[in-house]
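> Shown below is the structure under consideration.
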Amino acid sequence: MKVIIGMDPHKRSATIEIVDQSGRPMKTGRYATDTVGYAEMLTAAKGFSDRVWAVEGCNGIGRHLANRLVHDGEIVIDVPAKLSAQVRVFATGNGRKTDPVDAHSVALAALHAPNLRRVQLDPELLALGMLADRRDELGRSRTETLNRIHRLLLDLIPGGAKKFLSATQARTLITGLRSPDPVGRVQLRLVLELIEDLEAIDRKTKAADKELRQLVTDRGSTIMELHGIGPSSAARLLADTGDIHRFGTRDQFASWNGTAPLDASSGDQQRHRLSRAGNRRINRVLHIMAVVQLRNRTAGRAYYDARKAGGKTSMEAMRALKRRLSNVVYARMLADQRRRELAGPGGQSGTTTDSSATGSNPNTDPSDKPQPGPNQ
């Protein structure tokens, strides 16, 4: 009998519930995630020969257990936390959370939801994902450090410094500054320390971008040729998307990344609203891509201007552009993957002839229409 093993993972423990095809609980348990506890959990599951693991949040807290299971030859599917939360409300009639209830909800979600993503152990993509996470952390650290520098410079220099400030510019601003009082001297010392921190962060960021660029290129991806996609964005797209073939169409890809608007029609009134679902990290990548294209004379800028000329507001035109760019990214990743498969192990793929952001005519093949719910 085929069973689904729903898991509610935590850092040091995991609660599982095994259900049959009708959703009837057959076994439950809570196990530690150390070597002994993991072995006990695996032994309990092996009592059922035909089994599938459903783990909540395989890109987050459940990643460490999902990867261990796949490494041991188990079949694992990723259940989004939002999906299991919805199932929990329907199954219990309330939003009350306990580990056993969560494990049961994850199992039911996996039992009834089609097209959930199967977790694949790809070392290259795992490395890209970790490095992309590190690059994001460096970006946040730089912003925090720069904000502290601005706060101190406002006390030391009348009017403070300009918004976009480099470490070199900040060091030039304080050159020659002296303060007779203890507070000013401490502020100067702290600014110097923060500037040194900023310089260290910039060096690490430059090194991280260089490594990511090389890894993305070595994988045979040409996605960085698209205007507005840098090394960290390309790594994030590859790591989070995984196998692009799991999205049967570009519309499913757009639903997954949250750029496809949702149908909010009622009766004779036809309207659509912004989707706040989907992978928000990929949505952010597409937003940055759109912003960069709008700052330059690109096909994306032409498409945006055409949408505004057609009566769209600035926000609506931006959403349409993001939806359009989702199609472009999908087509490029699909072409790269096909070339990679044709090249075989160790093969190198060439470049594509279509590197336009949105095509030569921004009015052709409109794609800013709502699509079905997201596929995982």
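By convention here, the chains of the structure tokens are called A, B, ... in the order presented, each chain's residues are numbered starting at 1, and ligands are numbered starting at 1 in the order presented.
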If we count only C-alpha atoms, what is near segment 236-238 of chain A at a cut-off of 8 Å, once residues fewer than 4 positions away on the same chain are taken out, given as a ChimeraX atom specification?

/A:125,128-129,132,232,242,281-282,285

> Using only C-alpha atoms, which of the listed residues (A:Leu146, A:Ala39, A:Leu215, A:Ile223) sits closest to Ile195 of chain A?

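Among the listed residues, the smallest separation from Ile195 of chain A belongs to A:Leu146.
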
> As an exercise, work out the distance from atom CA of Asn59 of chain A to atom CA of Pro9 of chain A in Å and give it to one decimal place.

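These atoms are spaced 11.9 Å apart.
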
> Compile the contact shell of Ser49 of chain A as a PyMOL selection string: residues with an atom at most 9 Å away, counting only C-alpha atoms, same-chain residues fewer than 3 positions apart removed.

chain A and resi 1-3+45-46

> Once DSSP has gone over the backbone, tell me which residues of segment 205-310 of chain A are in strand (DSSP E), as a PyMOL selection string.

chain A and resi 262-263+272-273

> Could you list, with a cut-off of 8 Å and counting only C-alpha atoms, the residues of segment 183-276 of chain A near segment 320-327 of chain A, each shown with its nearest atom pair and the distance in Å rounded to one decimal, rows sorted by chain and ascending number, as a Markdown table?


```
| residue | atom | partner | partner_atom | distance |
| --- | --- | --- | --- | --- |
| A:Arg250 | CA | A:Asn327 | CA | 5.8 |
| A:Asp251 | CA | A:Asn327 | CA | 7.9 |
| A:Phe253 | CA | A:Ser326 | CA | 7.5 |
| A:Ala254 | CA | A:Ser326 | CA | 6.0 |
| A:Thr259 | CA | A:Arg323 | CA | 5.0 |
| A:Ala260 | CA | A:Arg323 | CA | 6.1 |
```

> Might you pull out every residue within 12 Å of Ser22 of chain A, with only C-alpha atoms counted and same-chain residues fewer than 2 positions away left off, and present them as a VMD selection string?

chain A and resid 1 to 4 18 to 20 24 to 26 107 to 108 111 to 112

> For Lys308 of chain A, please output as a PDB file with C-alpha atoms, in the first residue's frame all residues within 9 Å (counting only C-alpha atoms; exclusion window: fewer than 6 positions along the same chain).


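part.pdb written:
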```pdb
ATOM      1  CA  SER A 314       2.501  53.193 -13.835  1.00  0.00           C
ATOM      2  CA  GLU A 316      -0.129  48.349 -13.895  1.00  0.00           C
ATOM      3  CA  ALA A 317       2.486  48.868 -16.616  1.00  0.00           C
TER       4      ALA A 317
END
```

> With a distance cut-off of 12 Å and only C-alpha atoms, select the neighbouring residues of Met130 of chain A, excluding the residue or stretch itself and same-chain residues fewer than 6 positions from it, and output the selection as a list of chain:residue names.

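My list of contacting residues is A:Asn59, A:Gly60, A:Arg63, A:Pro123, A:Glu124, A:Asp136, A:Glu137, A:Ala208, A:Leu212, A:Ser232, A:Ala235, A:Arg236, A:Leu238, A:Ala239, A:Asp240.
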
> Excluding same-chain residues fewer than 4 positions from Met289 of chain A, what lies within 7 Å of it counting only C-alpha atoms, as an NGL selection string?

:A and (228-229 or 285 or 293)

> Would you mind exporting C-alpha atoms of the selected residues as a compact mmCIF listing (two decimals), in the first residue's frame?


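Once everything was written out, this is out-v4.txt:
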```
# COMPACT_ATOMS: atom_id res chain seq x y z
CA GLY A 228 19.07 43.38 -15.64
CA ILE A 229 20.23 39.90 -14.60
CA VAL A 285 14.72 39.19 -9.12
CA GLN A 293 15.43 47.95 -17.89
```

> Please determine, counting only C-alpha atoms, which residue among A:Met7, A:Ala309, A:Val106, A:Met224 has the shortest atom-to-atom distance to Gly62 of chain A.

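Closest to Gly62 of chain A of all the choices is A:Met7.
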
> Let's see if you can do this: from backbone DSSP, list all alpha helix (DSSP H) residues in segment 13-158 of chain A, as a ChimeraX atom specification.

/A:35-45,63-71,81-92,99-112,123-156

> Using Å and a single decimal, report how far atom CA of Ala343 of chain A sits from atom CA of Thr222 of chain A.

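So the two atoms, atom CA of Thr222 of chain A and atom CA of Ala343 of chain A, lie 14.6 Å apart.
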
> What separation in Å, quoted to one decimal, exists between atom CA of Ala32 of chain A and atom CA of Asp8 of chain A?

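We find that atom CA of Ala32 of chain A and atom CA of Asp8 of chain A lie 12.0 Å from each other.
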
> Of the residues A:Ala161, A:Val191, A:Ile174, A:Val119, which is the one nearest to Ile149 of chain A, using only C-alpha atoms?

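Distance minimum relative to Ile149 of chain A lands on A:Val191.
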
> Between A:Asp336, A:Pro182, A:Pro80, A:Asn67, which is the closest to Arg219 of chain A once you count only C-alpha atoms?

A:Asp336
